[in-house]
file protein-v2.cif (mmCIF, C-alpha atoms)
data_structure
#
loop_
_atom_site.group_PDB
_atom_site.id
_atom_site.type_symbol
_atom_site.label_atom_id
_atom_site.label_comp_id
_atom_site.auth_asym_id
_atom_site.auth_seq_id
_atom_site.Cartn_x
_atom_site.Cartn_y
_atom_site.Cartn_z
ATOM 1 C CA MET A 172 200.811 49.490 122.842
ATOM 2 C CA LYS A 173 197.585 47.822 123.998
ATOM 3 C CA TRP A 174 194.410 49.771 123.376
ATOM 4 C CA LYS A 175 191.140 49.382 125.251
ATOM 5 C CA THR A 176 188.430 51.936 124.613
ATOM 6 C CA ARG A 177 184.695 51.636 124.154
ATOM 7 C CA ILE A 178 185.325 51.724 120.410
ATOM 8 C CA THR A 179 187.744 48.797 120.387
ATOM 9 C CA GLN A 180 185.321 46.825 122.544
ATOM 10 C CA LEU A 181 182.244 47.826 120.536
ATOM 11 C CA LEU A 182 183.739 46.927 117.166
ATOM 12 C CA GLY A 183 185.980 44.063 118.246
ATOM 13 C CA ILE A 184 189.169 45.700 116.969
ATOM 14 C CA GLU A 185 192.653 45.986 118.454
ATOM 15 C CA ARG A 186 193.402 49.586 117.545
ATOM 16 C CA PRO A 187 190.900 52.465 117.760
ATOM 17 C CA ILE A 188 191.457 53.478 114.138
ATOM 18 C CA ILE A 189 188.726 53.541 111.501
ATOM 19 C CA GLN A 190 189.288 53.913 107.774
ATOM 20 C CA GLY A 191 186.965 56.456 106.185
ATOM 21 C CA GLY A 192 184.562 55.622 103.357
ATOM 22 C CA LEU A 193 186.831 57.114 100.648
ATOM 23 C CA ALA A 194 184.640 57.387 97.551
ATOM 24 C CA TYR A 195 185.898 55.234 94.644
ATOM 25 C CA LEU A 196 188.896 54.061 96.700
ATOM 26 C CA ALA A 197 187.660 51.894 99.585
ATOM 27 C CA TYR A 198 187.610 48.397 98.130
ATOM 28 C CA ASN A 199 188.671 44.992 99.438
ATOM 29 C CA GLU A 200 192.425 45.589 99.156
ATOM 30 C CA LEU A 201 192.418 48.560 101.519
ATOM 31 C CA ALA A 202 189.595 47.436 103.816
ATOM 32 C CA SER A 203 191.165 44.034 104.480
ATOM 33 C CA ALA A 204 194.605 45.576 105.091
ATOM 34 C CA VAL A 205 193.191 47.986 107.684
ATOM 35 C CA SER A 206 191.262 45.231 109.438
ATOM 36 C CA ASN A 207 194.255 42.881 109.381
ATOM 37 C CA ALA A 208 196.349 45.634 110.978
ATOM 38 C CA GLY A 209 193.889 45.847 113.866
ATOM 39 C CA GLY A 210 191.689 48.745 112.792
ATOM 40 C CA LEU A 211 188.271 48.829 111.153
ATOM 41 C CA GLY A 212 188.463 48.699 107.376
ATOM 42 C CA GLN A 213 185.473 49.764 105.312
ATOM 43 C CA LEU A 214 184.063 49.271 101.835
ATOM 44 C CA THR A 215 182.319 52.189 100.149
ATOM 45 C CA ALA A 216 178.968 50.891 98.927
ATOM 46 C CA MET A 217 177.693 53.839 96.917
ATOM 47 C CA SER A 218 180.809 53.989 94.740
ATOM 48 C CA MET A 219 179.976 50.553 93.390
ATOM 49 C CA GLU A 220 177.966 49.972 90.239
ATOM 50 C CA SER A 221 175.597 47.351 91.591
ATOM 51 C CA GLU A 222 174.637 45.266 94.588
ATOM 52 C CA GLU A 223 176.362 42.342 92.876
ATOM 53 C CA GLN A 224 179.657 44.230 92.936
ATOM 54 C CA LEU A 225 179.124 45.085 96.601
ATOM 55 C CA ARG A 226 178.459 41.435 97.414
ATOM 56 C CA GLU A 227 181.635 40.451 95.574
ATOM 57 C CA GLU A 228 183.702 43.047 97.453
ATOM 58 C CA ILE A 229 182.295 41.888 100.795
ATOM 59 C CA ASN A 230 183.206 38.301 100.030
ATOM 60 C CA LEU A 231 186.668 39.245 98.763
ATOM 61 C CA THR A 232 187.299 41.221 101.938
ATOM 62 C CA ARG A 233 186.090 38.322 104.047
ATOM 63 C CA SER A 234 188.440 35.981 102.192
ATOM 64 C CA LYS A 235 191.397 38.225 103.111
ATOM 65 C CA THR A 236 190.636 38.962 106.752
ATOM 66 C CA SER A 237 188.915 37.237 109.631
ATOM 67 C CA ASN A 238 188.681 40.522 111.513
ATOM 68 C CA PRO A 239 185.681 42.867 111.617
ATOM 69 C CA PHE A 240 185.095 45.315 108.761
ATOM 70 C CA GLY A 241 182.293 47.656 107.863
ATOM 71 C CA VAL A 242 180.440 49.040 104.877
ATOM 72 C CA ASN A 243 180.007 52.789 104.440
ATOM 73 C CA PHE A 244 176.900 54.339 102.903
ATOM 74 C CA ALA A 245 177.076 57.907 101.585
ATOM 75 C CA ILE A 246 173.341 58.480 101.374
ATOM 76 C CA GLY A 247 173.257 62.158 100.515
ATOM 77 C CA GLN A 248 174.120 61.907 96.807
ATOM 78 C CA HIS A 249 171.206 63.833 95.252
ATOM 79 C CA GLY A 250 168.632 61.280 96.266
ATOM 80 C CA ARG A 251 170.332 58.245 94.757
ATOM 81 C CA PRO A 252 168.590 55.123 96.160
ATOM 82 C CA PHE A 253 170.695 53.152 98.618
ATOM 83 C CA GLU A 254 168.210 50.709 100.089
ATOM 84 C CA HIS A 255 168.995 47.851 97.691
ATOM 85 C CA MET A 256 172.705 48.220 98.478
ATOM 86 C CA LEU A 257 172.076 48.198 102.216
ATOM 87 C CA ASN A 258 169.872 45.114 101.857
ATOM 88 C CA ALA A 259 172.699 43.393 99.981
ATOM 89 C CA ALA A 260 175.197 44.208 102.740
ATOM 90 C CA LEU A 261 172.837 42.966 105.430
ATOM 91 C CA ASP A 262 172.087 39.827 103.442
ATOM 92 C CA GLU A 263 175.834 39.144 103.256
ATOM 93 C CA GLY A 264 176.077 39.302 107.034
ATOM 94 C CA VAL A 265 177.729 42.712 107.466
ATOM 95 C CA ARG A 266 177.205 43.829 111.046
ATOM 96 C CA ILE A 267 178.934 47.222 111.044
ATOM 97 C CA ILE A 268 177.458 50.005 108.918
ATOM 98 C CA SER A 269 178.565 53.622 108.767
ATOM 99 C CA VAL A 270 176.450 56.434 107.357
ATOM 100 C CA THR A 271 177.642 59.725 105.894
ATOM 101 C CA GLY A 272 175.539 62.539 104.473
ATOM 102 C CA GLY A 273 171.785 62.834 104.479
ATOM 103 C CA ASN A 274 169.267 61.805 107.098
ATOM 104 C CA PRO A 275 170.308 58.457 108.622
ATOM 105 C CA LYS A 276 166.825 57.575 109.925
ATOM 106 C CA PRO A 277 165.938 55.281 106.965
ATOM 107 C CA VAL A 278 169.068 53.249 107.731
ATOM 108 C CA PHE A 279 168.027 52.800 111.346
ATOM 109 C CA ASP A 280 164.552 51.788 110.211
ATOM 110 C CA MET A 281 166.035 49.102 107.974
ATOM 111 C CA VAL A 282 168.292 47.591 110.656
ATOM 112 C CA GLU A 283 165.742 47.781 113.460
ATOM 113 C CA GLY A 284 165.592 44.541 115.423
ATOM 114 C CA THR A 285 169.023 43.359 114.263
ATOM 115 C CA ASP A 286 172.407 43.350 115.974
ATOM 116 C CA VAL A 287 173.875 45.675 113.339
ATOM 117 C CA LYS A 288 175.981 48.491 114.769
ATOM 118 C CA VAL A 289 175.469 51.825 113.017
ATOM 119 C CA LEU A 290 178.118 54.556 113.120
ATOM 120 C CA VAL A 291 177.094 58.014 111.921
ATOM 121 C CA LEU A 292 179.448 60.704 110.616
ATOM 122 C CA THR A 293 178.406 64.128 111.858
ATOM 123 C CA ALA A 294 179.849 67.619 111.643
ATOM 124 C CA GLY A 295 178.101 69.226 114.595
ATOM 125 C CA LYS A 296 176.665 68.644 118.048
ATOM 126 C CA ARG A 297 173.019 68.820 116.959
ATOM 127 C CA GLN A 298 173.544 66.122 114.330
ATOM 128 C CA ALA A 299 175.427 63.966 116.822
ATOM 129 C CA LEU A 300 172.635 64.218 119.387
ATOM 130 C CA LYS A 301 170.094 63.249 116.735
ATOM 131 C CA ALA A 302 172.197 60.236 115.733
ATOM 132 C CA GLU A 303 172.331 59.114 119.365
ATOM 133 C CA GLN A 304 168.554 59.468 119.668
ATOM 134 C CA LEU A 305 168.077 57.351 116.546
ATOM 135 C CA GLY A 306 170.177 54.563 118.012
ATOM 136 C CA ALA A 307 173.727 55.080 116.755
ATOM 137 C CA ALA A 308 176.298 52.860 118.416
ATOM 138 C CA ALA A 309 178.863 55.656 118.052
ATOM 139 C CA VAL A 310 179.331 58.896 116.167
ATOM 140 C CA MET A 311 182.247 60.046 114.075
ATOM 141 C CA VAL A 312 182.750 63.793 114.342
ATOM 142 C CA VAL A 313 184.571 65.549 111.500
ATOM 143 C CA GLY A 314 186.095 68.988 111.859
ATOM 144 C CA GLN A 315 186.524 71.476 109.030
ATOM 145 C CA GLU A 316 190.125 70.340 108.453
ATOM 146 C CA GLY A 317 188.909 67.093 106.931
ATOM 147 C CA GLY A 318 188.737 66.070 103.299
ATOM 148 C CA GLY A 319 185.531 65.408 101.412
ATOM 149 C CA HIS A 320 182.199 66.617 102.702
ATOM 150 C CA LEU A 321 182.209 68.738 105.848
ATOM 151 C CA GLY A 322 179.864 70.679 108.069
ATOM 152 C CA LYS A 323 178.559 74.143 107.223
ATOM 153 C CA GLU A 324 179.799 75.795 110.419
ATOM 154 C CA ASP A 325 183.583 75.629 109.801
ATOM 155 C CA THR A 326 184.230 74.284 113.295
ATOM 156 C CA GLY A 327 187.635 72.691 113.817
ATOM 157 C CA THR A 328 188.188 69.209 115.215
ATOM 158 C CA ILE A 329 189.899 70.378 118.404
ATOM 159 C CA VAL A 330 186.878 72.530 119.291
ATOM 160 C CA LEU A 331 184.127 70.229 118.029
ATOM 161 C CA VAL A 332 185.171 66.906 119.554
ATOM 162 C CA PRO A 333 185.002 67.832 123.255
ATOM 163 C CA GLN A 334 181.685 69.621 122.689
ATOM 164 C CA VAL A 335 180.190 66.441 121.292
ATOM 165 C CA VAL A 336 181.851 64.226 123.908
ATOM 166 C CA ASP A 337 180.290 66.325 126.673
ATOM 167 C CA ALA A 338 176.846 66.167 125.070
ATOM 168 C CA LEU A 339 176.631 62.428 124.315
ATOM 169 C CA SER A 340 176.740 59.199 126.268
ATOM 170 C CA ILE A 341 177.783 56.991 123.324
ATOM 171 C CA PRO A 342 181.412 56.794 122.134
ATOM 172 C CA VAL A 343 182.785 59.562 119.925
ATOM 173 C CA ILE A 344 185.327 59.053 117.140
ATOM 174 C CA ALA A 345 187.387 62.073 116.063
ATOM 175 C CA SER A 346 187.947 62.817 112.386
ATOM 176 C CA GLY A 347 189.586 65.618 110.430
ATOM 177 C CA GLY A 348 193.254 66.585 110.460
ATOM 178 C CA ILE A 349 194.523 63.293 111.915
ATOM 179 C CA SER A 350 197.309 61.238 110.343
ATOM 180 C CA ASP A 351 199.630 59.956 113.072
ATOM 181 C CA GLY A 352 200.104 58.978 116.701
ATOM 182 C CA ARG A 353 200.097 62.589 117.826
ATOM 183 C CA GLY A 354 196.659 63.042 116.315
ATOM 184 C CA LEU A 355 195.406 59.869 117.957
ATOM 185 C CA MET A 356 196.637 60.926 121.386
ATOM 186 C CA ALA A 357 195.215 64.419 120.904
ATOM 187 C CA ALA A 358 191.830 62.888 120.089
ATOM 188 C CA ILE A 359 191.977 60.698 123.197
ATOM 189 C CA ALA A 360 192.884 63.760 125.288
ATOM 190 C CA LEU A 361 189.802 65.534 123.889
ATOM 191 C CA GLY A 362 187.604 62.690 125.087
ATOM 192 C CA ALA A 363 187.254 60.714 121.861
ATOM 193 C CA GLU A 364 187.665 56.938 122.009
ATOM 194 C CA GLY A 365 189.007 56.443 118.530
ATOM 195 C CA ILE A 366 189.865 58.187 115.283
ATOM 196 C CA GLU A 367 188.775 58.045 111.680
ATOM 197 C CA MET A 368 191.312 58.836 108.957
ATOM 198 C CA GLY A 369 190.669 59.348 105.269
ATOM 199 C CA THR A 370 193.421 61.215 103.429
ATOM 200 C CA ARG A 371 196.193 59.342 105.248
ATOM 201 C CA PHE A 372 194.873 56.021 103.909
ATOM 202 C CA ILE A 373 194.965 57.237 100.299
ATOM 203 C CA ALA A 374 198.750 57.439 100.575
ATOM 204 C CA THR A 375 199.216 53.760 101.460
ATOM 205 C CA GLU A 376 200.353 50.873 99.307
ATOM 206 C CA GLU A 377 197.056 49.036 99.652
ATOM 207 C CA CYS A 378 195.015 51.935 98.305
ATOM 208 C CA THR A 379 195.556 50.433 94.881
ATOM 209 C CA HIS A 380 192.750 52.286 93.113
ATOM 210 C CA ALA A 381 194.324 55.712 93.701
ATOM 211 C CA HIS A 382 196.437 56.874 90.747
ATOM 212 C CA GLU A 383 200.103 57.479 91.487
ATOM 213 C CA LYS A 384 199.719 61.148 90.526
ATOM 214 C CA TYR A 385 197.042 61.510 93.205
ATOM 215 C CA LYS A 386 199.325 60.001 95.843
ATOM 216 C CA GLU A 387 202.276 62.056 94.613
ATOM 217 C CA ARG A 388 200.272 65.269 94.854
ATOM 218 C CA ILE A 389 199.387 64.449 98.462
ATOM 219 C CA LEU A 390 203.064 63.950 99.286
ATOM 220 C CA LEU A 391 204.159 67.181 97.617
ATOM 221 C CA SER A 392 201.427 69.425 99.042
ATOM 222 C CA ASN A 393 201.264 71.413 102.233
ATOM 223 C CA GLU A 394 198.400 72.345 104.511
ATOM 224 C CA THR A 395 197.446 75.367 102.415
ATOM 225 C CA ASP A 396 197.014 73.385 99.191
ATOM 226 C CA THR A 397 193.344 72.524 99.620
ATOM 227 C CA ALA A 398 190.149 74.395 98.823
ATOM 228 C CA ILE A 399 186.455 74.201 99.688
ATOM 229 C CA ILE A 400 184.035 73.601 96.812
ATOM 230 C CA LYS A 401 180.225 73.331 96.741
ATOM 231 C CA ARG A 402 179.773 75.773 99.603
ATOM 232 C CA SER A 403 177.293 77.788 97.513
ATOM 233 C CA ILE A 404 174.928 74.817 97.229
ATOM 234 C CA GLY A 405 175.087 73.969 100.918
ATOM 235 C CA ALA A 406 177.393 70.966 100.619
ATOM 236 C CA PRO A 407 180.907 72.211 101.430
ATOM 237 C CA ALA A 408 183.671 69.736 100.652
ATOM 238 C CA ARG A 409 187.462 69.953 100.768
ATOM 239 C CA VAL A 410 189.602 69.045 97.752
ATOM 240 C CA ILE A 411 193.166 69.404 96.554
ATOM 241 C CA ARG A 412 193.526 72.866 95.061
ATOM 242 C CA ASN A 413 194.173 72.750 91.312
ATOM 243 C CA SER A 414 192.999 74.593 88.215
ATOM 244 C CA PHE A 415 189.849 72.475 88.017
ATOM 245 C CA ALA A 416 188.893 73.256 91.619
ATOM 246 C CA ASP A 417 189.562 76.945 90.943
ATOM 247 C CA ARG A 418 187.139 76.735 88.019
ATOM 248 C CA ILE A 419 184.448 75.381 90.314
ATOM 249 C CA ILE A 420 185.087 78.133 92.838
ATOM 250 C CA GLN A 421 184.848 80.748 90.083
ATOM 251 C CA ILE A 422 181.474 79.398 88.942
ATOM 252 C CA GLU A 423 180.253 79.642 92.522
ATOM 253 C CA ALA A 424 181.589 83.189 92.848
ATOM 254 C CA ASN A 425 179.573 84.103 89.769
ATOM 255 C CA GLN A 426 176.411 82.808 91.452
ATOM 256 C CA GLY A 427 176.270 79.628 89.430
ATOM 257 C CA GLY A 428 173.801 77.190 90.973
ATOM 258 C CA TYR A 429 173.689 73.407 90.920
ATOM 259 C CA GLU A 430 172.813 73.241 87.216
ATOM 260 C CA SER A 431 175.924 75.237 86.387
ATOM 261 C CA LEU A 432 178.057 73.119 88.685
ATOM 262 C CA LYS A 433 176.802 69.586 88.156
ATOM 263 C CA SER A 434 179.100 68.672 85.266
ATOM 264 C CA TYR A 435 182.081 69.880 87.341
ATOM 265 C CA ILE A 436 181.254 68.080 90.599
ATOM 266 C CA SER A 437 180.125 64.685 89.361
ATOM 267 C CA GLY A 438 181.604 61.346 90.278
ATOM 268 C CA GLU A 439 182.821 61.044 86.700
ATOM 269 C CA VAL A 440 185.150 64.040 86.921
ATOM 270 C CA ASN A 441 186.261 62.935 90.385
ATOM 271 C CA ARG A 442 187.294 59.594 88.898
ATOM 272 C CA LYS A 443 189.256 61.295 86.103
ATOM 273 C CA TYR A 444 191.664 62.601 88.714
ATOM 274 C CA VAL A 445 191.479 59.717 91.190
ATOM 275 C CA TYR A 446 191.771 56.872 88.686
ATOM 276 C CA GLU A 447 193.453 58.415 85.660
ATOM 277 C CA GLY A 448 195.587 61.146 87.200
ATOM 278 C CA LYS A 449 194.083 63.803 84.903
ATOM 279 C CA GLU A 450 194.596 66.751 87.227
ATOM 280 C CA ASP A 451 193.323 69.348 84.760
ATOM 281 C CA GLU A 452 190.081 67.449 84.115
ATOM 282 C CA GLY A 453 188.875 66.617 87.602
ATOM 283 C CA PHE A 454 189.048 67.109 91.340
ATOM 284 C CA ALA A 455 190.256 64.921 94.220
ATOM 285 C CA TRP A 456 189.242 64.897 97.862
ATOM 286 C CA ALA A 457 191.879 65.660 100.501
ATOM 287 C CA GLY A 458 192.102 67.241 103.925
ATOM 288 C CA GLN A 459 194.521 69.825 105.271
ATOM 289 C CA VAL A 460 196.496 66.959 106.775
ATOM 290 C CA ILE A 461 198.200 66.494 103.386
ATOM 291 C CA GLY A 462 200.851 68.791 104.803
ATOM 292 C CA ALA A 463 201.828 66.064 107.276
ATOM 293 C CA ILE A 464 201.942 63.126 104.849
ATOM 294 C CA HIS A 465 205.346 62.382 103.354
ATOM 295 C CA ASP A 466 205.404 58.704 102.399
ATOM 296 C CA VAL A 467 203.344 55.778 101.085
ATOM 297 C CA PRO A 468 203.769 52.962 103.613
ATOM 298 C CA THR A 469 201.867 49.731 103.980
ATOM 299 C CA VAL A 470 198.905 50.009 106.330
ATOM 300 C CA LYS A 471 200.647 47.782 108.867
ATOM 301 C CA THR A 472 203.761 49.958 108.816
ATOM 302 C CA LEU A 473 201.582 53.036 109.281
ATOM 303 C CA PHE A 474 199.739 51.477 112.230
ATOM 304 C CA ASP A 475 202.953 50.326 113.903
ATOM 305 C CA ARG A 476 204.336 53.840 113.560
ATOM 306 C CA ILE A 477 201.176 55.339 115.044
ATOM 307 C CA ASP A 478 201.460 52.972 117.998
ATOM 308 C CA GLN A 479 205.107 53.879 118.536
ATOM 309 C CA GLU A 480 204.363 57.613 118.379
ATOM 310 C CA ALA A 481 201.443 57.269 120.765
ATOM 311 C CA ASP A 482 203.480 55.175 123.188
ATOM 312 C CA HIS A 483 206.320 57.710 123.121
ATOM 313 C CA ILE A 484 203.871 60.463 124.071
ATOM 314 C CA ARG A 485 202.341 58.358 126.834
ATOM 315 C CA LEU A 486 205.744 57.566 128.315
ATOM 316 C CA LYS A 487 206.957 61.146 128.004
ATOM 317 C CA TRP A 488 204.073 62.550 130.008
ATOM 318 C CA SER A 489 203.895 59.740 132.558
ATOM 319 C CA MET A 490 207.410 60.454 133.818
#

call {"tool": "encode", "arguments": {"input": "protein-v2.cif", "output": "structure tokens"}}
result
Amino acid sequence: MKWKTRITQLLGIERPIIQGGLAYLAYNELASAVSNAGGLGQLTAMSMESEEQLREEINLTRSKTSNPFGVNFAIGQHGRPFEHMLNAALDEGVRIISVTGGNPKPVFDMVEGTDVKVLVLTAGKRQALKAEQLGAAAVMVVGQEGGGHLGKEDTGTIVLVPQVVDALSIPVIASGGISDGRGLMAAIALGAEGIEMGTRFIATEECTHAHEKYKERILLSNETDTAIIKRSIGAPARVIRNSFADRIIQIEANQGGYESLKSYISGEVNRKYVYEGKEDEGFAWAGQVIGAIHDVPTVKTLFDRIDQEADHIRLKWSM
């Protein structure tokens, strides 16, 4: 199936599918596989220890694919500086940047006067309008079904996407609850011109940094096996429900603030689950779409399947 949307044209990709930032998981193996399959792969800058590591990952990705890829910046991590990492990416010639969390204005200030395309992840219409005003090339709109950090309004993807599409003139990318060709076609029907997927990419062969227990838990779970943490501190985020996540929720129920939570919500405890498979000692991001994920294919196999599903729907309704 041949795709032509403003997103494929803007980013120079064959398929309107973007791989999410995926903290501690989006490295060269996955990013290059997604780009080689015709989508937009991404590296996750703020999960890396240094700008030197980011430079190395950019060059490794470039050695594995000649197709476009991006670098994601999660800039809302308790004020952690990101400017040196962004400068490194720009210095290495990266021309697609995505921004999640926090106020994206400093990013736009840093790329002003360049040909860098900035995509901004938003969770509401007001944020999307602001991103457009700042100069975003496109916005990614995540509904409350998604994994990781979400909006505070609990608005679902199917409601949020058309609201944002109607309000903006730049392309909109749908995110949250999407894992297959049906989700892609639903997003297109809502007015989006592409999709972003996160959880679905964790359960792929090329997501080599994800522990097998993490992938296995995704396969064995259903749509009710997630929970929202950090709502009490204004940063709601969806994770796989386990005893550790329940502990976090209990602390929040007992009015525990950030100081009480910080040792439970750190990157370190996230990595214990993600990298080491220690389910009782950490948490792992995942969206409600885990209920629709039942295998661990290669990225190319996944993309071919998505195309086939989308084409089947197109043919069915064009008869």

call {"tool": "residues_around", "arguments": {"input": "protein-v2.cif", "residues": "Gly458 in chain A", "least_positions_apart": "2", "cutoff": "12 Å", "atoms": "all atoms listed in the file", "output": "number ranges by chain"}}
result
A: 193, 313-321, 346-350, 368-373, 389, 392-399, 408-412, 455-456, 460-464

call {"tool": "write_last_selection", "arguments": {"input": "protein-v2.cif", "atoms": "C-alpha atoms", "output": "short mmCIF file (atom, residue, chain, number, x, y, z; two decimals), keeping the file's coordinate frame"}}
result
data_model
loop_
_atom_site.label_atom_id
_atom_site.label_comp_id
_atom_site.auth_asym_id
_atom_site.auth_seq_id
_atom_site.Cartn_x
_atom_site.Cartn_y
_atom_site.Cartn_z
CA LEU A 193 186.83 57.11 100.65
CA VAL A 313 184.57 65.55 111.50
CA GLY A 314 186.10 68.99 111.86
CA GLN A 315 186.52 71.48 109.03
CA GLU A 316 190.12 70.34 108.45
CA GLY A 317 188.91 67.09 106.93
CA GLY A 318 188.74 66.07 103.30
CA GLY A 319 185.53 65.41 101.41
CA HIS A 320 182.20 66.62 102.70
CA LEU A 321 182.21 68.74 105.85
CA SER A 346 187.95 62.82 112.39
CA GLY A 347 189.59 65.62 110.43
CA GLY A 348 193.25 66.58 110.46
CA ILE A 349 194.52 63.29 111.92
CA SER A 350 197.31 61.24 110.34
CA MET A 368 191.31 58.84 108.96
CA GLY A 369 190.67 59.35 105.27
CA THR A 370 193.42 61.22 103.43
CA ARG A 371 196.19 59.34 105.25
CA PHE A 372 194.87 56.02 103.91
CA ILE A 373 194.96 57.24 100.30
CA ILE A 389 199.39 64.45 98.46
CA SER A 392 201.43 69.42 99.04
CA ASN A 393 201.26 71.41 102.23
CA GLU A 394 198.40 72.34 104.51
CA THR A 395 197.45 75.37 102.42
CA ASP A 396 197.01 73.39 99.19
CA THR A 397 193.34 72.52 99.62
CA ALA A 398 190.15 74.40 98.82
CA ILE A 399 186.46 74.20 99.69
CA ALA A 408 183.67 69.74 100.65
CA ARG A 409 187.46 69.95 100.77
CA VAL A 410 189.60 69.04 97.75
CA ILE A 411 193.17 69.40 96.55
CA ARG A 412 193.53 72.87 95.06
CA ALA A 455 190.26 64.92 94.22
CA TRP A 456 189.24 64.90 97.86
CA VAL A 460 196.50 66.96 106.78
CA ILE A 461 198.20 66.49 103.39
CA GLY A 462 200.85 68.79 104.80
CA ALA A 463 201.83 66.06 107.28
CA ILE A 464 201.94 63.13 104.85
#

call {"tool": "closest_residue", "arguments": {"input": "protein-v2.cif", "among": "A:Cys378, A:Ile404, A:Leu391, A:Ile188", "to": "Ile344 in chain A", "atoms": "only C-alpha atoms"}}
result
A:Ile188

call {"tool": "resolve_selection", "arguments": {"input": "protein-v2.cif", "expression": "the PyMOL selection byres ((chain A and resi 357) around 12)", "output": "ChimeraX atom specification"}}
result
/A:328-330,332-333,344-356,358-366,480-481,484-485

call {"tool": "resolve_selection", "arguments": {"input": "protein-v2.cif", "expression": "the PyMOL selection byres ((chain A and resi 383) around 9)", "output": "number ranges by chain"}}
result
A: 381-382, 384-388, 445-448

call {"tool": "write_last_selection", "arguments": {"input": "protein-v2.cif", "atoms": "C-alpha atoms", "output": "mmCIF file, keeping the file's coordinate frame"}}
result
data_model
loop_
_atom_site.group_PDB
_atom_site.id
_atom_site.type_symbol
_atom_site.label_atom_id
_atom_site.label_comp_id
_atom_site.auth_asym_id
_atom_site.auth_seq_id
_atom_site.Cartn_x
_atom_site.Cartn_y
_atom_site.Cartn_z
ATOM 1 C CA ALA A 381 194.324 55.712 93.701
ATOM 2 C CA HIS A 382 196.437 56.874 90.747
ATOM 3 C CA LYS A 384 199.719 61.148 90.526
ATOM 4 C CA TYR A 385 197.042 61.510 93.205
ATOM 5 C CA LYS A 386 199.325 60.001 95.843
ATOM 6 C CA GLU A 387 202.276 62.056 94.613
ATOM 7 C CA ARG A 388 200.272 65.269 94.854
ATOM 8 C CA VAL A 445 191.479 59.717 91.190
ATOM 9 C CA TYR A 446 191.771 56.872 88.686
ATOM 10 C CA GLU A 447 193.453 58.415 85.660
ATOM 11 C CA GLY A 448 195.587 61.146 87.200
#

call {"tool": "closest_residue", "arguments": {"input": "protein-v2.cif", "among": "A:Arg251, A:Glu222, A:Pro187, A:Thr271", "to": "Trp174 in chain A", "atoms": "all atoms listed in the file"}}
result
A:Pro187

call {"tool": "build_atoms", "arguments": {"input": "protein-v2.cif", "residues": "range 355-359 of chain A", "atoms": "all heavy atoms", "output": "PDB file, keeping the file's coordinate frame"}}
result
ATOM      1  N   LEU A 355     196.175  60.837 117.176  1.00  0.00           N
ATOM      2  CA  LEU A 355     195.406  59.869 117.957  1.00  0.00           C
ATOM      3  C   LEU A 355     195.406  60.248 119.430  1.00  0.00           C
ATOM      4  O   LEU A 355     194.352  60.255 120.089  1.00  0.00           O
ATOM      5  CB  LEU A 355     195.990  58.469 117.761  1.00  0.00           C
ATOM      6  CG  LEU A 355     195.418  57.353 118.643  1.00  0.00           C
ATOM      7  CD1 LEU A 355     193.907  57.261 118.530  1.00  0.00           C
ATOM      8  CD2 LEU A 355     196.065  56.016 118.288  1.00  0.00           C
ATOM      9  N   MET A 356     196.564  60.573 119.969  1.00  0.00           N
ATOM     10  CA  MET A 356     196.637  60.926 121.386  1.00  0.00           C
ATOM     11  C   MET A 356     195.916  62.244 121.683  1.00  0.00           C
ATOM     12  O   MET A 356     195.311  62.408 122.748  1.00  0.00           O
ATOM     13  CB  MET A 356     198.096  61.008 121.825  1.00  0.00           C
ATOM     14  CG  MET A 356     198.799  59.655 121.834  1.00  0.00           C
ATOM     15  SD  MET A 356     198.049  58.465 122.960  1.00  0.00           S
ATOM     16  CE  MET A 356     198.800  58.977 124.520  1.00  0.00           C
ATOM     17  N   ALA A 357     195.958  63.160 120.733  1.00  0.00           N
ATOM     18  CA  ALA A 357     195.215  64.419 120.904  1.00  0.00           C
ATOM     19  C   ALA A 357     193.719  64.133 120.967  1.00  0.00           C
ATOM     20  O   ALA A 357     192.998  64.705 121.795  1.00  0.00           O
ATOM     21  CB  ALA A 357     195.532  65.376 119.757  1.00  0.00           C
ATOM     22  N   ALA A 358     193.247  63.240 120.097  1.00  0.00           N
ATOM     23  CA  ALA A 358     191.830  62.888 120.089  1.00  0.00           C
ATOM     24  C   ALA A 358     191.421  62.239 121.407  1.00  0.00           C
ATOM     25  O   ALA A 358     190.360  62.555 121.963  1.00  0.00           O
ATOM     26  CB  ALA A 358     191.540  61.946 118.914  1.00  0.00           C
ATOM     27  N   ILE A 359     192.265  61.347 121.909  1.00  0.00           N
ATOM     28  CA  ILE A 359     191.977  60.698 123.197  1.00  0.00           C
ATOM     29  C   ILE A 359     191.927  61.743 124.315  1.00  0.00           C
ATOM     30  O   ILE A 359     191.059  61.714 125.186  1.00  0.00           O
ATOM     31  CB  ILE A 359     193.044  59.625 123.512  1.00  0.00           C
ATOM     32  CG1 ILE A 359     193.023  58.506 122.459  1.00  0.00           C
ATOM     33  CG2 ILE A 359     192.851  59.071 124.911  1.00  0.00           C
ATOM     34  CD1 ILE A 359     191.765  57.698 122.391  1.00  0.00           C
TER      35      ILE A 359
END
